[in-house]
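These notes are about the structure you will find just below.
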2 protein chains.
Amino acid sequence: MKKIAFLGPNATFTHEASLKYFGENNEFIPINRISEIYNKIMSDEVDFGVVPSENSIGGSISDTLDLFIKTHLKVYDEVILQIKQNLLSKLTDKSQIKKIFSHPQSLMQCSGYISANFKGVECIETSSNAKASILAKDEPDSAAIGPKLCAKEYDLNIIEEGINDSKKNETKFYIISKTYGNKKNKSLIIFSVPNKSGSLFNILKVFKKYKINMTKIESRPSKTKNWEYVFIVEYENSKEQKNNEVFIKKLKGECDYFDYLGHY
Amino acid sequence: MKKIAFLGPNATFTHEASLKYFGENNEFIPINRISEIYNKIMSDEVDFGVVPSENSIGGSISDTLDLFIKTHLKVYDEVILQIKQNLLSKLTDKSQIKKIFSHPQSLMQCSGYISANFKGVECIETSSNAKASILAKDEPDSAAIGPKLCAKEYDLNIIEEGINDSKKNETKFYIISKTYGNKKNKSLIIFSVPNKSGSLFNILKVFKKYKINMTKIESRPSKTKNWEYVFIVEYENSKEQKNNEVFIKKLKGECDYFDYLGHY
């Protein structure tokens, strides 16, 4: 049985992703701040952490990326979850609903559904979908929008399933730990380059030379100097591991700062 | 007198940036959603919009970038504001404070100050600093954290100034409109590249060839296909405009999608 800290409270999408990846027979601990999850791994209080890394519509979760620079923890694996929003309420008839609680991102993801079905109904932003569910439980004539798990956890009915406007909505979660995982399809690195013209070009030249395909490039503020950046790059691994070692050595030669975050 | 829509409510940092850029003798209209500001420019209800584009610690504001793809509006200029958080209250003595209201980002920016000065005091997240100020006005023994403007607007005392932990905290705002501005120090473009190995490299090769220095590169989900991206790049302009036209033509040749957002 493993000890796993996930971004809580209970019944969040991250909770759903954690259950999907590890299975139910483990100890799952809800933690309300992403940074606290990293801390709990650092201090060996848990074996793994599960945090959202990127949504296919909203983009990357900055906190998750920034914390790798601070902690040097590893990405052990990734898990992708299709995001399905649901209308949850103590009621069973949606025509009686006068108030809808949810996290701003969930409200945004369902804005088409809400305007088609709930003209004039008040939408109230909450800090999480779980919080919304608690409010919907206590307040008459109200509903929450959130994951299915919330219905079970907070004793609500699922009035309508899959109400998010885009059905292509997916979120990637990182499984983080102190050690690297075994899968090697993709690698994740983080680096900064000297602040001079052509630095990033020199990095991409190394990728080109070794015929390695980048699947993602992201920039984040360096936090040491305003308007300077670190880059987070994901790439597909070639079959020959030997070549990869030379590739990483060449990359390091072009960087001010370099950390190999993991493979999965 | 110009009509300017800014990200409201009144007394936000965007309000402060708008006054700094345009001066007081204009009509300023607070709008609570970034997308609504773009809509008001599109429909000619206002001349300009002011929206946050990037914070030196938190990074880019995704909504602002994504809306350029939807609307094809232009960046007319940019303005940088040093972010100064302040402790605001009906009280004058901070030892009486039992509750602090603020936006999650502001609480985070002052977390060192809060733990040093307010051990055990409850911190409550609000949707904006203005909302926090309204709550602090009505609730006894409470305070808000926010911009100076909030004190004036919501009739609160400034108990302590500049309480944010990092003094290097700056936010960039874009002045957006239907037309390009006159300054030409930097340019901003948005593009997507064919989904094949080396596409981004080919773009950077064009920058290298014309000796043009990128000052920022950012990726955002394409929203048409999961895990594909558009890139937003800012670069310094060379003195010879003629050369720049050829440069942009060459860039366009490597892109699936290209839009010249503006210069400033």
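In the structure tokens, the first chain shown is A, the next is B, and so on; residue numbers restart at 1 for each chain, and ligands run from 1 in the order shown.
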Specify as a PyMOL selection string all residues of chain A found within 7 Å of chain B, counting only C-alpha atoms. chain A and resi 56-57+59+197-198+201+204-205+208+213+217-221+223+226-227
Contacts of Val51 of chain A within 12 Å, only C-alpha atoms, excl. fewer than 4 positions in-chain, as a count of residues only: 43
Compare A:His103, A:Ile158, A:Leu88, A:Glu122 by their minimum atom-to-atom distance to Ala143 of chain A, counting only C-alpha atoms, and give me the closest one. A:Leu88
Check the smallest atom-to-atom distance from each of B:Tyr154, B:Phe258, B:Tyr235, B:Phe247 to Pro194 of chain B using only C-alpha atoms, then report the winner.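 Ranked by minimum distance to Pro194 of chain B, first place goes to B:Phe258.
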Polymer residues at most 12 Å from Asp93 of chain B, only C-alpha atoms, same-chain spacing of 5 or more positions, as number ranges by chain: B: 87-88, 98, 141-143, 157-160
Please write the residues from the selection above to a file, keeping C-alpha atoms, as a PDB file, in the first residue's frame.
```
ATOM      1  CA  LEU B  87      -2.600  46.741   4.378  1.00  0.00           C
ATOM      2  CA  LEU B  88      -5.964  48.556   4.398  1.00  0.00           C
ATOM      3  CA  LYS B  98      -8.334  39.268  13.356  1.00  0.00           C
ATOM      4  CA  ASP B 141     -11.567  43.818  13.270  1.00  0.00           C
ATOM      5  CA  SER B 142     -10.665  42.987   9.671  1.00  0.00           C
ATOM      6  CA  ALA B 143      -8.278  44.262   7.001  1.00  0.00           C
ATOM      7  CA  ASN B 157      -6.886  53.644   6.133  1.00  0.00           C
ATOM      8  CA  ILE B 158      -3.508  52.597   4.743  1.00  0.00           C
ATOM      9  CA  ILE B 159      -2.030  50.938   7.838  1.00  0.00           C
ATOM     10  CA  GLU B 160       1.147  49.760   6.124  1.00  0.00           C
TER      11      GLU B 160
END
```
